[in-house]
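So this block is start38.txt, compact mmCIF, C-alpha atoms:
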```txt
# COMPACT_ATOMS: atom_id res chain seq x y z
CA MET H 1 -62.84 -53.99 21.14
CA THR H 2 -59.21 -54.92 21.74
CA THR H 3 -57.26 -56.19 24.64
CA GLU H 4 -53.71 -55.45 25.63
CA PRO H 5 -51.66 -56.08 28.73
CA SER H 6 -51.74 -53.29 31.27
CA LEU H 7 -49.18 -52.43 33.88
CA SER H 8 -49.88 -52.75 37.56
CA ARG H 9 -50.34 -49.25 38.89
CA THR H 10 -48.59 -49.35 42.23
CA ILE H 11 -46.17 -51.44 44.21
CA ARG H 12 -45.76 -52.06 47.88
CA PRO H 13 -42.60 -52.80 49.88
CA ARG H 14 -41.45 -56.40 49.74
CA VAL H 15 -40.65 -56.50 53.47
CA SER H 16 -42.89 -55.06 56.16
CA ALA H 17 -41.75 -52.49 58.71
CA PRO H 18 -42.01 -54.91 61.68
CA LEU H 19 -39.58 -57.30 59.98
CA TYR H 20 -37.06 -54.51 59.46
CA LEU H 21 -37.44 -53.50 63.10
CA LEU H 22 -36.91 -57.12 64.14
CA GLY H 23 -33.77 -57.11 62.03
CA LEU H 24 -32.59 -53.92 63.75
CA LEU H 25 -33.26 -55.48 67.16
CA ALA H 26 -31.45 -58.68 66.17
CA VAL H 27 -28.38 -56.74 65.03
CA TYR H 28 -28.35 -54.79 68.29
CA LEU H 29 -28.76 -57.84 70.50
CA ILE H 30 -26.09 -59.87 68.70
CA ALA H 31 -23.50 -57.17 68.06
CA VAL H 32 -23.95 -55.01 71.15
CA CYS H 33 -25.46 -57.18 73.88
CA THR H 34 -23.30 -60.31 73.62
CA PRO H 35 -19.63 -60.74 74.57
CA PHE H 36 -19.00 -62.40 71.20
CA GLY H 37 -20.46 -59.48 69.26
CA GLN H 38 -18.62 -56.89 71.29
CA ARG H 39 -15.27 -58.66 70.95
CA ALA H 40 -15.76 -59.07 67.20
CA GLU H 41 -16.52 -55.40 66.61
CA ASN H 42 -14.00 -54.08 69.13
CA ALA H 43 -11.30 -56.10 67.35
CA LEU H 44 -11.96 -53.98 64.26
CA ILE H 45 -10.94 -50.80 66.09
CA THR H 46 -7.18 -50.91 66.55
CA GLU H 47 -5.98 -49.18 69.68
CA ASN H 48 -4.07 -45.92 69.05
CA ALA H 49 -4.44 -46.29 65.27
CA GLY H 50 -7.24 -43.75 64.92
CA GLY H 51 -8.74 -42.74 61.62
CA GLU H 52 -5.58 -41.50 59.92
CA PRO H 53 -4.80 -44.76 58.04
CA ALA H 54 -8.23 -44.58 56.37
CA TRP H 55 -8.11 -43.65 52.70
CA ILE H 56 -11.00 -41.25 53.23
CA TYR H 57 -9.35 -39.58 56.24
CA HIS H 58 -8.57 -36.23 54.55
CA TRP H 59 -12.19 -35.95 53.35
CA SER H 60 -13.78 -37.00 56.63
CA GLY H 61 -13.57 -33.64 58.39
CA LEU H 62 -11.26 -35.07 61.06
CA VAL H 63 -8.30 -33.11 59.75
CA TYR H 64 -8.23 -29.52 60.95
CA ASP H 65 -9.73 -27.09 58.42
CA SER H 66 -10.26 -29.85 55.84
CA PRO H 67 -13.36 -30.40 53.69
CA ALA H 68 -15.79 -33.13 54.73
CA LEU H 69 -17.96 -35.19 52.44
CA PRO H 70 -21.65 -34.68 53.32
CA PRO H 71 -22.92 -35.68 55.83
CA LEU H 72 -19.66 -36.20 57.73
CA ASP H 73 -18.53 -33.96 60.58
CA ASP H 74 -19.96 -30.42 60.48
CA THR H 75 -21.75 -31.00 57.16
CA ALA H 76 -24.39 -33.23 58.79
CA MET H 77 -26.93 -30.53 59.62
CA PRO H 78 -26.44 -28.52 56.39
CA THR H 79 -26.90 -31.76 54.43
CA LEU H 80 -30.14 -32.53 56.26
CA VAL H 81 -31.48 -29.01 55.73
CA ALA H 82 -30.52 -28.99 52.03
CA GLY H 83 -32.05 -32.43 51.49
CA MET H 84 -35.31 -31.42 53.13
CA ALA H 85 -35.39 -28.24 51.03
CA VAL H 86 -35.05 -30.32 47.85
CA ILE H 87 -37.87 -32.64 48.96
CA VAL H 88 -40.12 -29.66 49.71
CA ALA H 89 -39.29 -28.03 46.36
CA VAL H 90 -40.03 -31.21 44.40
CA THR H 91 -43.27 -31.65 46.31
CA LEU H 92 -44.38 -28.13 45.40
CA VAL H 93 -43.43 -28.52 41.75
CA ARG H 94 -45.07 -31.92 41.31
CA ARG H 95 -47.92 -31.13 43.72
CA CYS H 96 -47.61 -34.58 45.25
CA TRP H 97 -48.82 -33.58 48.69
CA TRP H 98 -49.31 -37.03 50.17
CA GLN H 99 -45.91 -38.23 48.98
CA GLY H 100 -44.26 -35.04 50.20
CA CYS H 101 -45.70 -35.42 53.69
CA ALA H 102 -44.65 -39.08 53.73
CA ALA H 103 -41.14 -38.17 52.56
CA ALA H 104 -40.72 -35.54 55.26
CA GLY H 105 -42.01 -38.01 57.82
CA VAL H 106 -39.55 -40.70 56.71
CA VAL H 107 -36.60 -38.32 57.01
CA MET H 108 -37.53 -36.81 60.35
CA VAL H 109 -38.63 -40.07 61.98
CA THR H 110 -35.50 -41.88 60.78
CA LEU H 111 -33.20 -39.18 62.15
CA GLY H 112 -35.19 -38.60 65.32
CA VAL H 113 -35.50 -42.26 66.23
CA ALA H 114 -31.83 -42.91 65.41
CA GLU H 115 -30.77 -40.14 67.79
CA LEU H 116 -33.17 -41.32 70.47
CA LEU H 117 -32.05 -44.93 70.22
CA SER H 118 -28.34 -44.17 70.23
CA LYS H 119 -28.41 -41.60 73.05
CA VAL H 120 -31.20 -42.79 75.34
CA ILE H 121 -32.78 -46.18 74.66
CA LEU H 122 -30.06 -48.54 73.43
CA PRO H 123 -26.98 -48.46 75.68
CA ARG H 124 -23.74 -50.29 75.02
CA PRO H 125 -23.10 -52.42 78.11
CA ASP H 126 -19.48 -53.21 78.84
CA LEU H 127 -19.42 -57.02 78.73
CA VAL H 128 -15.74 -57.55 77.87
CA ASP H 129 -13.91 -54.95 80.00
CA ALA H 130 -13.22 -52.79 76.94
CA ARG H 131 -11.38 -49.49 77.14
CA VAL H 132 -13.50 -46.42 77.79
CA SER H 133 -13.45 -45.21 74.17
CA LEU H 134 -15.20 -48.44 73.10
CA THR H 135 -18.07 -48.27 75.57
CA GLU H 136 -19.86 -45.19 74.23
CA ALA H 137 -23.29 -45.85 72.74
CA SER H 138 -23.32 -45.44 68.96
CA PHE H 139 -26.11 -47.71 67.69
CA PRO H 140 -27.61 -46.86 65.24
CA SER H 141 -25.43 -44.44 63.27
CA GLY H 142 -26.83 -40.96 62.83
CA HIS H 143 -24.36 -40.32 60.01
CA ALA H 144 -25.71 -43.27 58.01
CA ALA H 145 -29.30 -42.41 58.90
CA ILE H 146 -29.06 -39.05 57.10
CA PRO H 147 -28.38 -40.36 53.56
CA ALA H 148 -30.66 -43.38 54.08
CA GLY H 149 -33.58 -41.23 55.20
CA LEU H 150 -33.05 -38.52 52.59
CA VAL H 151 -32.76 -41.03 49.75
CA PHE H 152 -36.01 -42.75 50.72
CA GLY H 153 -37.65 -39.34 51.01
CA ALA H 154 -36.41 -38.40 47.54
CA VAL H 155 -37.66 -41.70 46.16
CA LEU H 156 -41.15 -40.96 47.43
CA VAL H 157 -41.43 -37.58 45.70
CA ALA H 158 -39.46 -38.37 42.53
CA SER H 159 -41.28 -39.08 39.28
CA PRO H 160 -41.40 -42.75 38.23
CA ARG H 161 -39.10 -42.06 35.28
CA ILE H 162 -36.16 -40.84 37.37
CA ARG H 163 -36.85 -42.83 40.55
CA PRO H 164 -34.47 -45.70 39.67
CA TYR H 165 -31.63 -43.23 39.05
CA VAL H 166 -32.35 -41.44 42.35
CA THR H 167 -32.16 -44.79 44.10
CA ALA H 168 -28.92 -45.73 42.33
CA ALA H 169 -27.28 -42.42 43.25
CA GLY H 170 -28.52 -42.77 46.81
CA MET H 171 -27.02 -46.25 47.05
CA LEU H 172 -23.59 -44.88 46.18
CA TRP H 173 -23.95 -42.02 48.67
CA LEU H 174 -25.00 -44.37 51.46
CA ALA H 175 -22.19 -46.83 50.68
CA VAL H 176 -19.59 -44.03 50.73
CA THR H 177 -20.92 -42.62 54.01
CA ALA H 178 -21.19 -45.99 55.72
CA GLY H 179 -17.69 -46.98 54.62
CA ALA H 180 -16.19 -43.66 55.73
CA VAL H 181 -17.62 -43.62 59.26
CA GLN H 182 -16.40 -47.16 59.82
CA ALA H 183 -12.90 -46.68 58.41
CA THR H 184 -12.39 -43.57 60.55
CA TYR H 185 -13.59 -45.44 63.66
CA GLN H 186 -16.62 -43.23 64.21
CA HIS H 187 -19.00 -46.18 63.95
CA ARG H 188 -19.04 -49.97 63.85
CA PRO H 189 -20.58 -52.19 61.14
CA SER H 190 -23.64 -52.86 63.31
CA ASP H 191 -24.23 -49.10 63.66
CA VAL H 192 -24.55 -48.45 59.92
CA LEU H 193 -26.61 -51.59 59.35
CA GLY H 194 -28.96 -50.57 62.16
CA ALA H 195 -29.44 -47.10 60.69
CA THR H 196 -30.24 -48.54 57.27
CA LEU H 197 -32.72 -51.05 58.67
CA LEU H 198 -34.41 -48.22 60.59
CA ALA H 199 -34.73 -46.13 57.41
CA CYS H 200 -36.13 -49.14 55.53
CA ALA H 201 -38.72 -49.66 58.28
CA CYS H 202 -39.79 -46.01 58.16
CA TYR H 203 -40.07 -46.05 54.37
CA SER H 204 -42.00 -49.32 54.36
CA LEU H 205 -44.46 -47.99 56.93
CA ALA H 206 -44.91 -44.72 55.04
CA VAL H 207 -45.72 -46.50 51.78
CA ARG H 208 -48.17 -48.80 53.55
CA LEU H 209 -49.98 -45.81 55.06
CA LEU H 210 -50.23 -43.85 51.81
CA PRO H 211 -53.62 -43.88 50.09
CA PRO H 212 -53.63 -46.30 47.11
CA ALA H 213 -53.80 -43.42 44.64
CA ALA H 214 -50.70 -41.84 46.19
CA ALA H 215 -48.60 -45.00 46.50
CA PRO H 216 -45.48 -45.06 44.27
CA ASP H 217 -46.21 -46.07 40.68
CA VAL H 218 -44.53 -49.08 39.19
CA THR H 219 -41.22 -48.08 37.67
CA ARG H 220 -39.59 -49.37 34.52
CA ARG H 221 -35.84 -49.51 34.93
CA PRO H 222 -33.07 -50.04 32.39
CA ARG H 223 -31.93 -53.64 32.50
CA ALA H 224 -28.31 -52.69 33.13
CA LEU H 225 -29.07 -50.27 35.97
CA PRO H 226 -29.10 -52.79 38.86
CA ALA H 227 -25.68 -54.15 37.92
CA ILE H 228 -24.26 -50.66 37.43
CA ALA H 229 -25.72 -49.38 40.71
CA LEU H 230 -24.43 -52.35 42.69
CA ALA H 231 -21.00 -52.16 41.05
CA LEU H 232 -20.65 -48.45 41.80
CA SER H 233 -21.80 -49.01 45.37
CA ALA H 234 -19.27 -51.80 45.81
CA ALA H 235 -16.50 -49.58 44.46
CA GLY H 236 -17.53 -46.72 46.73
CA ALA H 237 -17.70 -49.02 49.75
CA LEU H 238 -14.25 -50.45 49.01
CA ALA H 239 -12.68 -47.03 48.50
CA THR H 240 -14.11 -45.39 51.60
CA GLY H 241 -13.90 -48.43 53.86
CA ALA H 242 -10.26 -49.10 53.05
CA ARG H 243 -7.43 -48.62 55.55
CA ASN H 244 -3.68 -48.85 55.04
CA ASP H 245 -3.10 -50.87 58.20
CA SER H 246 -5.50 -53.81 57.79
CA VAL H 247 -6.94 -55.70 54.85
CA THR H 248 -9.37 -57.53 57.13
CA GLN H 249 -10.81 -54.33 58.55
CA SER H 250 -11.09 -52.83 55.08
CA LEU H 251 -13.03 -55.80 53.74
CA VAL H 252 -15.39 -55.96 56.72
CA PHE H 253 -16.10 -52.22 56.57
CA ALA H 254 -16.67 -52.38 52.81
CA ALA H 255 -18.95 -55.40 53.13
CA ALA H 256 -21.13 -53.69 55.75
CA ALA H 257 -21.32 -50.51 53.65
CA PHE H 258 -22.25 -52.47 50.54
CA LEU H 259 -24.95 -54.36 52.45
CA CYS H 260 -26.47 -51.02 53.45
CA ALA H 261 -26.62 -49.99 49.79
CA ALA H 262 -28.12 -53.35 48.79
CA LEU H 263 -30.85 -52.99 51.41
CA LEU H 264 -31.72 -49.57 50.02
CA TRP H 265 -32.00 -50.96 46.49
CA ALA H 266 -34.04 -53.96 47.60
CA GLU H 267 -36.56 -51.80 49.45
CA GLY H 268 -36.82 -48.88 47.02
CA PRO H 269 -39.68 -49.01 44.46
CA VAL H 270 -37.53 -49.68 41.43
CA HIS H 271 -38.74 -53.10 40.43
CA THR H 272 -39.65 -53.87 36.83
CA ALA H 273 -43.29 -53.39 36.02
CA ARG H 274 -45.24 -56.61 35.77
CA ARG H 275 -47.98 -57.43 33.34
CA THR H 276 -51.39 -57.95 34.85
CA ARG H 277 -54.79 -58.80 33.48
CA PRO H 278 -55.64 -57.54 30.00
CA ALA H 279 -57.17 -54.11 29.67
CA VAL H 280 -60.31 -54.00 27.57
CA ARG H 281 -60.92 -51.25 25.03
```
Would you give me this structure, written as structure tokens?
Amino acid sequence: MTTEPSLSRTIRPRVSAPLYLLGLLAVYLIAVCTPFGQRAENALITENAGGEPAWIYHWSGLVYDSPALPPLDDTAMPTLVAGMAVIVAVTLVRRCWWQGCAAAGVVMVTLGVAELLSKVILPRPDLVDARVSLTEASFPSGHAAIPAGLVFGAVLVASPRIRPYVTAAGMLWLAVTAGAVQATYQHRPSDVLGATLLACACYSLAVRLLPPAAAPDVTRRPRALPAIALALSAAGALATGARNDSVTQSLVFAAAAFLCAALLWAEGPVHTARRTRPAVR
């Protein structure tokens, strides 16, 4: 009879869904419901400047008959449909029915709640006599909710071997999207952070509700992957959040986009497997 270390079979989210929802509420209350928060974010949107000075402008869909990076502009719905189709296909191939249902739930709840919050439940009160274009409700961002929800859905159905790479690619996608919608003045930093926190809450709740046998397995990741993923996300955030007319705006937009990517990495099940009690043979 021999003994050898075994690997823990499953992992659970480090932060619970209620804490993410509290974070979302805190961001909303501070950034949207206080004069200080409104002035700070409104100052990032220069009057009459528009989105044209943004580096990503010609790929944002704002230019007539120009291509848009998914899920910007008219590509939002096709991106959602294509992402759901991929999740369904992977679920059928791997026959991971519980994970597939959870993944679909994460995507649909994230998008549905984001739309409901931004259009019905969470208004943007005018506390600082801002111009009309700055008083429209936009929290949380539906554009950022699409990649965040789809990435978490893909993480749930992906095999443990490729899950870290799915998460890393999703981080870059989310950082690029979050940076682009800020730099083109479609959303504020609080909007993209709120959408990411909402997606994290939905994912955390889904994993908690999964049966133990269906919970994501512990994943071994290459040691260099976290640094590479974070570096690529930072580069993507800087490139898409940059504007020609303001260094300050560019840095703030990039920082918010990078924080979204970091939240995705922190919540995704990509942590190194830990040794547990010896297995007896």
Next item on the list: Tell me, as a PyMOL selection string, which residues lie within 12 Å of Gln249 of chain H, counting only C-alpha atoms; anything in the same chain fewer than 6 positions away does not count.
Entry: chain H and resi 40-46+53-54+179+182-185+188-189+238+240-243+255-256
Margin query: At a cut-off of 12 Å, using only C-alpha atoms, what residues contact Met77 of chain H? Leave out same-chain residues fewer than 3 positions from it and give the result as a PyMOL selection string.
Written below: chain H and resi 70-74+80-84+111+142-143+146-147
Give me a file of those residues, with C-alpha atoms, as a CSV table (one decimal), keeping the file's coordinate frame.
```csv
chain,number,residue,atom,x,y,z
H,70,PRO,CA,-21.6,-34.7,53.3
H,71,PRO,CA,-22.9,-35.7,55.8
H,72,LEU,CA,-19.7,-36.2,57.7
H,73,ASP,CA,-18.5,-34.0,60.6
H,74,ASP,CA,-20.0,-30.4,60.5
H,80,LEU,CA,-30.1,-32.5,56.3
H,81,VAL,CA,-31.5,-29.0,55.7
H,82,ALA,CA,-30.5,-29.0,52.0
H,83,GLY,CA,-32.0,-32.4,51.5
H,84,MET,CA,-35.3,-31.4,53.1
H,111,LEU,CA,-33.2,-39.2,62.2
H,142,GLY,CA,-26.8,-41.0,62.8
H,143,HIS,CA,-24.4,-40.3,60.0
H,146,ILE,CA,-29.1,-39.0,57.1
H,147,PRO,CA,-28.4,-40.4,53.6
```
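Proximity to Trp173 of chain H was assessed for H:Ala144, H:Leu127, H:Ala103, H:Leu25 counting only C-alpha atoms; the smallest distance is recorded for H:Ala144.
Put simply, atom CA of Leu150 of chain H is 8.0 Å away from atom CA of Val106 of chain H.
In this comparison, which uses all atoms listed in the file, the residue of H:Ala262, H:Ala201, H:Val32, H:Ser190 approaching Ala227 of chain H most closely is H:Ala262.
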Next item on the list: Please identify all polymer residues lying at most 6 Å from the point (-17.2, -53.7, 47.9) (file coordinates), using only C-alpha atoms, and present the result as a PyMOL selection string.
Entry: chain H and resi 234-235+237-238+254-255+258
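The gap separating atom CA of Val181 of chain H from atom CA of Pro164 of chain H is 25.9 Å, in Å to one decimal.
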